[in-house]
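J.: Below is a structure I'd like to ask you about.
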There are 2 protein chains.
Amino acid sequence: MTEPRVDAVFGALADPNRRYLVEALAARETATATELASELPVTRQAVSKHLAALGEAGLVESARVGRETRYRLTPGALGDALGWMERVGARWDDRLARLRRHLGG
Amino acid sequence: MTEPRVDAVFGALADPNRRYLVEALAARETATATELASELPVTRQAVSKHLAALGEAGLVESARVGRETRYRLTPGALGDALGWMERVGARWDDRLARLRRHLGG
DNA sequence: TAGATTTGCAACCATCCGGTTGCACGATAT
DNA sequence: ATATCGTGCAACCGGATGGTTGCAAATCTA
């Protein structure tokens, strides 16, 4: 019951910079590491590492185009984390319970 | 936009032992650190630290009764994390979008 | 071909994190 | 009064983490 995927997703989302990257990618649809680094107070390499972590978690995928690598969000991985919240949270939070009923879990 | 509460919640949920504690508390409604430690391959002090982390995140609250401290789940904090997923995830995951519509975000 | 860009890789650093052990203190039970 | 139980606090340890710098390689552009 350790569910390593959930681990990675929650872990990835625990960092504010990483969450910002996800938000930025959700807005832009696609971007490179250097582009994203220009909006954060950290180095391009740091952003690159963060994107790698998001990739490990299955939240982001990358594709090299010419000399640059463009990153895009991946649907589905968030669902793992949501699924956990849904399953456990429903027991004591009725808002979550409503959610579970609506989705037909 | 750093939202420290979301940080703490995602961070807390990133650890498998911590997630187990939440599940256990959801099942039992209330428990002590030593009780919970008996179901995990770690020390009572480790569990105590984890419960402290969950407390910081607002997921758990404690009350001392006699010589023992009993822990209970707190509703609401999960909603912060869920809110973030809802807000950001809805852009590219239609399952999340359905969810948002149902809850009337 | 020469120069500028964009990336990836590796080393390095300080700090955080999960875990342990040891011990002292308040509360119960005998 | 004494032994026991449950807790909290502090020190310590190894490994992960977020961040940096430096550099070599690949890909445009002039």
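Identifiers for the structure tokens are assigned positionally: chains receive A, B, ... in sequence, residues are indexed from 1 per chain, and ligands are indexed from 1 in the order shown.
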Can you check which residues of chain C have any atom within 9 Å of chain B? Use only C-alpha atoms (C1' of nucleotides) and format it as an mmCIF file with C-alpha atoms (C1' of nucleotides), in the first residue's frame.

T.:
```
data_model
loop_
_atom_site.group_PDB
_atom_site.id
_atom_site.type_symbol
_atom_site.label_atom_id
_atom_site.label_comp_id
_atom_site.auth_asym_id
_atom_site.auth_seq_id
_atom_site.Cartn_x
_atom_site.Cartn_y
_atom_site.Cartn_z
ATOM 1 C "C1'" DG C 18 13.364 10.375 8.458
ATOM 2 C "C1'" DG C 19 15.054 7.706 11.753
ATOM 3 C "C1'" DT C 20 17.484 6.295 15.905
ATOM 4 C "C1'" DG C 26 4.325 13.763 34.710
ATOM 5 C "C1'" DA C 27 0.532 10.384 35.533
ATOM 6 C "C1'" DT C 28 -1.228 5.606 37.180
#
```

J.: Just fit chain B onto chain A on all the Cα atoms, in order, by least squares, and give it as an mmCIF file with C-alpha atoms, in the first residue's frame.

T.:
```cif
data_model
loop_
_atom_site.group_PDB
_atom_site.id
_atom_site.type_symbol
_atom_site.label_atom_id
_atom_site.label_comp_id
_atom_site.auth_asym_id
_atom_site.auth_seq_id
_atom_site.Cartn_x
_atom_site.Cartn_y
_atom_site.Cartn_z
ATOM 1 C CA MET B 1 0.182 -0.139 -0.126
ATOM 2 C CA THR B 2 3.095 2.225 -0.448
ATOM 3 C CA GLU B 3 2.008 3.411 -3.910
ATOM 4 C CA PRO B 4 5.208 5.021 -5.162
ATOM 5 C CA ARG B 5 3.388 7.091 -7.772
ATOM 6 C CA VAL B 6 1.380 8.904 -5.114
ATOM 7 C CA ASP B 7 4.620 9.487 -3.243
ATOM 8 C CA ALA B 8 6.171 11.184 -6.236
ATOM 9 C CA VAL B 9 3.128 13.310 -7.034
ATOM 10 C CA PHE B 10 2.668 14.626 -3.504
ATOM 11 C CA GLY B 11 6.405 15.079 -3.190
ATOM 12 C CA ALA B 12 6.566 17.032 -6.433
ATOM 13 C CA LEU B 13 3.671 19.272 -5.459
ATOM 14 C CA ALA B 14 5.190 19.974 -2.054
ATOM 15 C CA ASP B 15 7.608 22.522 -3.487
ATOM 16 C CA PRO B 16 6.286 26.027 -4.269
ATOM 17 C CA ASN B 17 8.585 26.510 -7.253
ATOM 18 C CA ARG B 18 7.469 23.188 -8.645
ATOM 19 C CA ARG B 19 3.823 24.155 -8.182
ATOM 20 C CA TYR B 20 4.541 27.411 -9.968
ATOM 21 C CA LEU B 21 6.025 25.475 -12.878
ATOM 22 C CA VAL B 22 2.867 23.398 -13.131
ATOM 23 C CA GLU B 23 0.715 26.517 -13.095
ATOM 24 C CA ALA B 24 2.919 28.163 -15.705
ATOM 25 C CA LEU B 25 2.757 25.130 -17.955
ATOM 26 C CA ALA B 26 -0.999 24.952 -17.492
ATOM 27 C CA ALA B 27 -1.204 28.527 -18.757
ATOM 28 C CA ARG B 28 1.284 28.253 -21.615
ATOM 29 C CA GLU B 29 0.695 24.680 -22.744
ATOM 30 C CA THR B 30 4.406 24.305 -23.592
ATOM 31 C CA ALA B 31 7.665 25.940 -22.509
ATOM 32 C CA THR B 32 11.414 25.428 -22.178
ATOM 33 C CA ALA B 33 13.489 25.339 -19.018
ATOM 34 C CA THR B 34 15.194 28.658 -19.759
ATOM 35 C CA GLU B 35 11.886 30.368 -20.458
ATOM 36 C CA LEU B 36 10.455 29.186 -17.165
ATOM 37 C CA ALA B 37 13.653 30.046 -15.313
ATOM 38 C CA SER B 38 13.248 33.680 -16.340
ATOM 39 C CA GLU B 39 10.108 33.917 -14.199
ATOM 40 C CA LEU B 40 11.609 32.371 -11.108
ATOM 41 C CA PRO B 41 14.348 33.578 -8.745
ATOM 42 C CA VAL B 42 16.405 30.454 -9.396
ATOM 43 C CA THR B 43 18.837 29.174 -11.990
ATOM 44 C CA ARG B 44 17.966 27.414 -15.213
ATOM 45 C CA GLN B 45 19.574 24.248 -13.855
ATOM 46 C CA ALA B 46 17.422 24.381 -10.752
ATOM 47 C CA VAL B 47 14.333 24.624 -12.949
ATOM 48 C CA SER B 48 15.660 21.760 -15.025
ATOM 49 C CA LYS B 49 15.957 19.603 -11.915
ATOM 50 C CA HIS B 50 12.441 20.545 -10.854
ATOM 51 C CA LEU B 51 11.096 19.621 -14.268
ATOM 52 C CA ALA B 52 12.894 16.296 -13.981
ATOM 53 C CA ALA B 53 11.187 15.708 -10.639
ATOM 54 C CA LEU B 54 7.820 16.564 -12.163
ATOM 55 C CA GLY B 55 8.639 14.159 -14.966
ATOM 56 C CA GLU B 56 9.415 11.375 -12.483
ATOM 57 C CA ALA B 57 6.038 12.001 -10.923
ATOM 58 C CA GLY B 58 4.370 11.679 -14.314
ATOM 59 C CA LEU B 59 3.084 15.238 -14.261
ATOM 60 C CA VAL B 60 5.189 16.499 -17.131
ATOM 61 C CA GLU B 61 6.718 15.127 -20.317
ATOM 62 C CA SER B 62 9.501 16.530 -22.472
ATOM 63 C CA ALA B 63 10.341 16.462 -26.160
ATOM 64 C CA ARG B 64 13.506 17.782 -27.727
ATOM 65 C CA VAL B 65 12.922 20.036 -30.726
ATOM 66 C CA GLY B 66 16.113 21.153 -32.380
ATOM 67 C CA ARG B 67 18.404 22.566 -29.738
ATOM 68 C CA GLU B 68 15.671 23.163 -27.205
ATOM 69 C CA THR B 69 13.561 20.795 -25.094
ATOM 70 C CA ARG B 70 9.969 21.756 -24.653
ATOM 71 C CA TYR B 71 7.939 20.604 -21.641
ATOM 72 C CA ARG B 72 4.242 19.855 -21.575
ATOM 73 C CA LEU B 73 1.839 18.816 -18.820
ATOM 74 C CA THR B 74 0.597 15.247 -18.675
ATOM 75 C CA PRO B 75 -2.957 14.521 -17.585
ATOM 76 C CA GLY B 76 -3.727 11.652 -15.280
ATOM 77 C CA ALA B 77 -0.974 11.667 -12.691
ATOM 78 C CA LEU B 78 -2.814 14.225 -10.600
ATOM 79 C CA GLY B 79 -5.629 11.706 -10.486
ATOM 80 C CA ASP B 80 -3.514 9.334 -8.405
ATOM 81 C CA ALA B 81 -3.100 11.886 -5.662
ATOM 82 C CA LEU B 82 -6.702 12.943 -5.976
ATOM 83 C CA GLY B 83 -7.715 9.299 -5.744
ATOM 84 C CA TRP B 84 -5.896 8.900 -2.471
ATOM 85 C CA MET B 85 -7.541 11.997 -0.997
ATOM 86 C CA GLU B 86 -10.867 10.844 -2.270
ATOM 87 C CA ARG B 87 -10.499 7.364 -0.805
ATOM 88 C CA VAL B 88 -9.179 8.377 2.598
ATOM 89 C CA GLY B 89 -10.597 11.843 3.014
ATOM 90 C CA ALA B 90 -14.164 10.839 2.328
ATOM 91 C CA ARG B 91 -14.331 9.201 5.741
ATOM 92 C CA TRP B 92 -14.239 12.372 7.734
ATOM 93 C CA ASP B 93 -14.781 15.253 5.358
ATOM 94 C CA ASP B 94 -18.213 15.442 3.827
ATOM 95 C CA ARG B 95 -17.075 17.822 1.127
ATOM 96 C CA LEU B 96 -14.802 15.042 -0.056
ATOM 97 C CA ALA B 97 -17.674 12.623 0.353
ATOM 98 C CA ARG B 98 -19.853 14.698 -1.963
ATOM 99 C CA LEU B 99 -17.023 14.728 -4.424
ATOM 100 C CA ARG B 100 -16.712 10.966 -4.338
ATOM 101 C CA ARG B 101 -20.405 10.534 -4.975
ATOM 102 C CA HIS B 102 -20.325 12.919 -7.928
ATOM 103 C CA LEU B 103 -17.440 11.186 -9.599
ATOM 104 C CA GLY B 104 -18.949 7.767 -8.976
ATOM 105 C CA GLY B 105 -15.881 6.328 -7.199
#
```

J.: Mind listing the strand (DSSP E or B) residues of chain A, per DSSP on the backbone, as a ChimeraX atom specification?

T.: /A:31-32,60-65,68-73

J.: Compute the chain D side of the contact with chain A at 9 Å, counting only C-alpha atoms (C1' of nucleotides), and hand it back as a list in words.

T.: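 Matching residues, ligands excluded from the count: DG18, DG19, DT20, DA26, DT27 and DC28 of chain D.
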
J.: Among range 5-97 of chain A, which residues carry a DSSP assignment of alpha helix (DSSP H), reported as a PyMOL selection string?

T.: chain A and resi 5-13+16-28+33-37+44-56+77-89+94-97

J.: Could you please determine the separation between C1' of DA16 in chain D and C1' of DC9 in chain C in Å, to one decimal place?

T.: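 These atoms are spaced 19.4 Å apart.
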
J.: State, in Å with one decimal place, the distance from C1' of DG14 in chain D to C1' of DA10 in chain C.

T.: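 It comes out at 22.0 Å.
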